[in-house]
$ cat upload_35.txt   # compact mmCIF, C-alpha atoms and all ligand atoms
# COMPACT_ATOMS: atom_id res chain seq x y z
CA MET M 1 0.00 0.00 0.00
CA SER M 2 1.44 3.43 -0.89
CA ASN M 3 0.28 6.86 0.23
CA THR M 4 -0.49 9.67 -2.21
CA SER M 5 -1.71 12.63 -0.12
CA ASN M 6 -4.45 11.03 1.94
CA LEU M 7 -5.27 8.37 -0.63
CA ASN M 8 -4.05 4.79 -0.55
CA ALA M 9 -3.36 3.00 -3.80
CA VAL M 10 -4.70 -0.51 -3.31
CA GLU M 11 -5.73 -3.37 -5.52
CA LEU M 12 -8.96 -5.12 -4.69
CA THR M 13 -9.72 -8.51 -6.22
CA VAL M 14 -13.45 -8.78 -6.79
CA ASN M 15 -15.00 -11.81 -8.43
CA GLY M 16 -11.54 -12.77 -9.65
CA VAL M 17 -10.88 -9.40 -11.31
CA PRO M 18 -8.14 -7.06 -9.98
CA TYR M 19 -9.28 -3.46 -9.51
CA PRO M 20 -6.66 -0.81 -8.74
CA VAL M 21 -8.23 2.02 -6.73
CA ALA M 22 -7.04 5.07 -4.80
CA ILE M 23 -9.10 5.41 -1.65
CA GLU M 24 -9.08 7.02 1.75
CA THR M 25 -8.31 4.70 4.66
CA SER M 26 -11.71 5.39 6.18
CA ARG M 27 -13.76 4.20 3.19
CA ASN M 28 -15.92 1.18 3.84
CA LEU M 29 -15.88 -1.71 1.41
CA SER M 30 -19.53 -1.44 0.39
CA GLY M 31 -19.07 2.19 -0.62
CA VAL M 32 -15.95 1.43 -2.63
CA LEU M 33 -17.58 -1.52 -4.38
CA ARG M 34 -20.56 0.60 -5.34
CA ASP M 35 -19.09 4.05 -5.95
CA GLU M 36 -15.57 3.31 -7.20
CA LEU M 37 -16.00 -0.06 -8.91
CA GLY M 38 -19.60 0.33 -10.10
CA LEU M 39 -20.62 -2.96 -8.49
CA THR M 40 -23.99 -1.77 -7.23
CA GLY M 41 -25.43 -5.23 -6.59
CA THR M 42 -24.16 -4.90 -3.02
CA LYS M 43 -26.68 -2.74 -1.16
CA GLU M 44 -26.30 -0.35 1.74
CA GLY M 45 -29.19 -0.35 4.17
CA CYS M 46 -28.50 0.38 7.82
CA ASP M 47 -24.76 1.06 7.45
CA ASP M 48 -24.47 -0.33 10.95
CA CYS M 49 -24.03 -4.12 10.79
CA GLU M 50 -27.73 -4.76 11.37
CA CYS M 51 -29.45 -5.61 8.08
CA GLY M 52 -27.07 -7.71 5.98
CA ALA M 53 -27.93 -5.93 2.72
CA CYS M 54 -24.21 -5.25 2.23
CA MET M 55 -23.10 -8.87 2.74
CA VAL M 56 -20.19 -10.00 0.55
CA LEU M 57 -17.79 -12.89 0.87
CA LEU M 58 -14.20 -12.27 1.94
CA ASP M 59 -12.12 -15.36 1.29
CA GLY M 60 -15.42 -17.25 1.28
CA GLN M 61 -16.66 -15.89 4.62
CA PRO M 62 -19.69 -13.59 4.76
CA ILE M 63 -19.00 -10.10 6.10
CA ASN M 64 -21.00 -6.90 6.38
CA SER M 65 -19.08 -4.77 3.93
CA CYS M 66 -20.58 -1.55 5.34
CA SER M 67 -18.50 -2.11 8.44
CA TYR M 68 -15.28 -3.32 6.87
CA LEU M 69 -12.52 -1.00 5.69
CA ALA M 70 -11.84 -1.43 2.00
CA VAL M 71 -8.08 -1.12 2.49
CA GLN M 72 -8.19 -4.21 4.71
CA ALA M 73 -9.57 -6.26 1.83
CA GLN M 74 -6.39 -5.92 -0.19
CA GLY M 75 -4.89 -9.32 -0.93
CA ARG M 76 -8.15 -11.10 -0.15
CA GLU M 77 -10.73 -12.60 -2.50
CA ILE M 78 -13.92 -10.56 -2.48
CA THR M 79 -17.05 -12.10 -3.94
CA THR M 80 -20.13 -10.02 -4.62
CA VAL M 81 -23.53 -10.93 -6.02
CA GLU M 82 -22.23 -10.02 -9.47
CA GLY M 83 -19.88 -12.99 -9.18
CA LEU M 84 -22.60 -15.61 -8.74
CA ALA M 85 -23.95 -15.95 -12.27
CA GLU M 86 -21.83 -17.42 -15.02
CA GLY M 87 -22.51 -15.25 -18.03
CA ASP M 88 -26.22 -15.49 -18.70
CA ASP M 89 -26.59 -18.55 -16.48
CA LEU M 90 -27.92 -17.61 -13.07
CA HIS M 91 -26.51 -19.36 -10.03
CA PRO M 92 -28.93 -22.04 -8.76
CA LEU M 93 -29.61 -19.88 -5.69
CA GLN M 94 -30.62 -17.00 -7.93
CA ARG M 95 -32.86 -19.22 -10.04
CA ASN M 96 -34.46 -20.81 -7.01
CA ILE M 97 -35.10 -17.59 -5.11
CA LEU M 98 -36.87 -16.21 -8.16
CA ALA M 99 -38.83 -19.44 -8.68
CA ALA M 100 -39.88 -19.60 -5.03
CA GLY M 101 -41.13 -16.00 -5.07
CA GLY M 102 -38.47 -14.98 -2.56
CA VAL M 103 -37.77 -11.66 -4.26
CA GLN M 104 -40.16 -8.77 -3.76
CA CYS M 105 -38.50 -5.35 -3.56
CA GLY M 106 -35.18 -7.18 -3.96
CA PHE M 107 -33.20 -4.94 -1.63
CA CYS M 108 -32.22 -7.77 0.70
CA THR M 109 -31.68 -10.29 -2.09
CA PRO M 110 -27.97 -9.80 -2.86
CA GLY M 111 -27.04 -10.07 0.80
CA MET M 112 -29.29 -13.10 1.28
CA LEU M 113 -27.68 -14.77 -1.71
CA MET M 114 -24.18 -14.20 -0.36
CA SER M 115 -25.03 -15.56 3.08
CA ALA M 116 -26.74 -18.55 1.49
CA THR M 117 -23.75 -19.17 -0.77
CA ALA M 118 -21.43 -19.28 2.23
CA LEU M 119 -23.86 -21.51 4.13
CA LEU M 120 -24.13 -24.10 1.35
CA GLU M 121 -20.39 -24.02 0.87
CA ARG M 122 -19.75 -25.01 4.49
CA ASN M 123 -22.87 -27.16 4.89
CA PRO M 124 -24.31 -28.73 1.71
CA ASP M 125 -27.15 -30.41 3.62
CA PRO M 126 -28.48 -27.82 6.08
CA SER M 127 -31.56 -28.38 8.21
CA GLN M 128 -34.27 -25.71 8.26
CA ASP M 129 -32.88 -24.43 11.54
CA GLU M 130 -29.38 -24.30 10.13
CA ILE M 131 -30.65 -22.32 7.14
CA LYS M 132 -32.40 -19.89 9.50
CA ILE M 133 -29.20 -19.48 11.49
CA GLY M 134 -27.16 -19.07 8.29
CA LEU M 135 -29.44 -16.24 7.15
CA SER M 136 -29.95 -14.74 10.60
CA GLY M 137 -27.80 -11.72 9.75
CA ASN M 138 -30.01 -10.78 6.82
CA LEU M 139 -33.24 -8.86 7.29
CA CYS M 140 -36.12 -8.88 4.82
CA ARG M 141 -39.05 -6.53 5.29
CA CYS M 142 -41.15 -7.96 2.43
CA THR M 143 -41.30 -11.71 2.09
CA GLY M 144 -41.80 -13.16 5.55
CA TYR M 145 -38.69 -15.28 4.91
CA ALA M 146 -40.45 -18.60 4.18
CA LYS M 147 -39.93 -18.40 0.42
CA ILE M 148 -36.29 -17.48 0.88
CA LEU M 149 -35.77 -20.46 3.17
CA ASP M 150 -37.49 -22.67 0.57
CA ALA M 151 -35.17 -21.38 -2.12
CA VAL M 152 -32.07 -22.22 -0.09
CA SER M 153 -33.46 -25.62 0.77
CA ASN M 154 -34.31 -26.34 -2.89
CA THR M 155 -30.86 -25.25 -3.96
CA ALA M 156 -29.22 -27.52 -1.43
CA VAL M 157 -31.18 -30.46 -2.86
CA GLU M 158 -30.33 -29.44 -6.42
CA LEU M 159 -26.61 -29.13 -5.72
CA ARG M 160 -26.21 -32.40 -3.84
S1 LIG M 201 -25.81 -1.99 5.35
FE1 LIG M 201 -24.36 -3.31 6.22
S2 LIG M 201 -25.43 -4.47 7.69
FE2 LIG M 201 -26.90 -3.04 6.93
S1 LIG M 202 -37.55 -8.58 -0.73
FE1 LIG M 202 -37.78 -6.56 0.07
S2 LIG M 202 -36.47 -6.55 1.80
FE2 LIG M 202 -36.44 -8.60 1.15
$ encode --input "upload_35.txt" --output "structure tokens" --more "lines below"
Ligand code: FES
Ligand code: FES
Amino acid sequence: MSNTSNLNAVELTVNGVPYPVAIETSRNLSGVLRDELGLTGTKEGCDDCECGACMVLLDGQPINSCSYLAVQAQGREITTVEGLAEGDDLHPLQRNILAAGGVQCGFCTPGMLMSATALLERNPDPSQDEIKIGLSGNLCRCTGYAKILDAVSNTAVELR
């Protein structure tokens, strides 16, 4: 990391792509993803570690990117919702959440998908309770959660 005035030149690796950026030390990762890299799939809701809308994966682990300094993500693998689909092929979680009717306003959806991705990665056969715990950091004000839980459950079956 090098200092140019109060900016730090860092390289962030997002969805396998290196992005050189010059950012202040105080910038949070969600803001940098959205405003500097144009990756607006990651949402900012509470900005206070409460809602999970900003969830991304850092070396495969879900984190609230609103509360994580972007400079600390240098040298780590960041995965955002934009990294789930392969070209025009949606990730099974994306297909299943749409099919189950688990997307209404959609604001929580990217964060839900990232938490669910991490959950299925560490536990390919989760119980309903384990799915609830895996998504417990993500709030949804629209769906009542049941359809989202169904989508994760259906994806787990599909991927096994
Ligand atoms: S915006 Fe990060 S937890 Fe709500
Ligand atoms: S679909 Fe609107 S907040 Fe979840």
$ closest_residue --input "upload_35.txt" --among "M:Thr109, M:Thr40, M:Gln128, M:Ser67" --to "ligand LIG 202 (chain M)" --atoms "all atoms listed in the file"
M:Thr109
$ residues_near_ligand --input "upload_35.txt" --ligand "ligand LIG 201 (chain M)" --cutoff "7 Å" --atoms "all atoms listed in the file" --output "PyMOL selection string"
chain M and resi 43-55+64-67
$ closest_atom_pairs --input "upload_35.txt" --of "chain M" --to "ligand LIG 202 (chain M)" --cutoff "9 Å" --atoms "only C-alpha atoms and all ligand atoms" --output "tab-separated table"
residue	atom	partner	partner_atom	distance
M:Ala53	CA	M:LIG202	S2	8.6
M:Gly102	CA	M:LIG202	S1	6.7
M:Val103	CA	M:LIG202	S1	4.7
M:Gln104	CA	M:LIG202	S1	4.0
M:Cys105	CA	M:LIG202	FE1	3.9
M:Gly106	CA	M:LIG202	S1	4.2
M:Phe107	CA	M:LIG202	S2	5.0
M:Cys108	CA	M:LIG202	FE2	4.3
M:Thr109	CA	M:LIG202	FE2	6.0
M:Met112	CA	M:LIG202	FE2	8.4
M:Asn138	CA	M:LIG202	FE2	8.8
M:Leu139	CA	M:LIG202	S2	6.8
M:Cys140	CA	M:LIG202	FE2	3.7
M:Arg141	CA	M:LIG202	S2	4.3
M:Cys142	CA	M:LIG202	FE1	4.3
M:Thr143	CA	M:LIG202	S1	5.6
M:Gly144	CA	M:LIG202	FE2	8.3
M:Tyr145	CA	M:LIG202	FE2	8.0
M:Ile148	CA	M:LIG202	FE2	8.9
$ closest_residue --input "upload_35.txt" --among "M:Gly31, M:Pro92, M:Pro124, M:Gly101" --to "Arg160 of chain M" --atoms "all atoms listed in the file"
M:Pro124
$ atom_distance --input "upload_35.txt" --atom1 "atom CA of Gly137 of chain M" --atom2 "atom CA of Ala116 of chain M"
10.8 Å
$ closest_atom_pairs --input "upload_35.txt" --of "segment 23-44 of chain M" --to "segment 70-86 of chain M" --cutoff "9 Å" --atoms "only C-alpha atoms" --output "tab-separated table"
residue	atom	partner	partner_atom	distance
M:Ile23	CA	M:Val71	CA	7.8
M:Glu24	CA	M:Val71	CA	8.2
M:Thr25	CA	M:Val71	CA	6.2
M:Ser26	CA	M:Ala70	CA	8.0
M:Arg27	CA	M:Ala70	CA	6.1
M:Asn28	CA	M:Ala70	CA	5.2
M:Leu29	CA	M:Ala70	CA	4.1
M:Ser30	CA	M:Ala70	CA	7.9
M:Gly31	CA	M:Ala70	CA	8.5
M:Val32	CA	M:Ala70	CA	6.8
M:Leu33	CA	M:Ala70	CA	8.6
M:Leu39	CA	M:Glu82	CA	7.3
M:Thr40	CA	M:Glu82	CA	8.7
M:Gly41	CA	M:Val81	CA	6.0
M:Thr42	CA	M:Thr80	CA	6.7
$ residues_around --input "upload_35.txt" --residues "Pro126 of chain M" --least-positions-apart "5" --cutoff "9 Å" --atoms "all atoms listed in the file" --output "PyMOL selection string"
chain M and resi 119-120+131+153+156
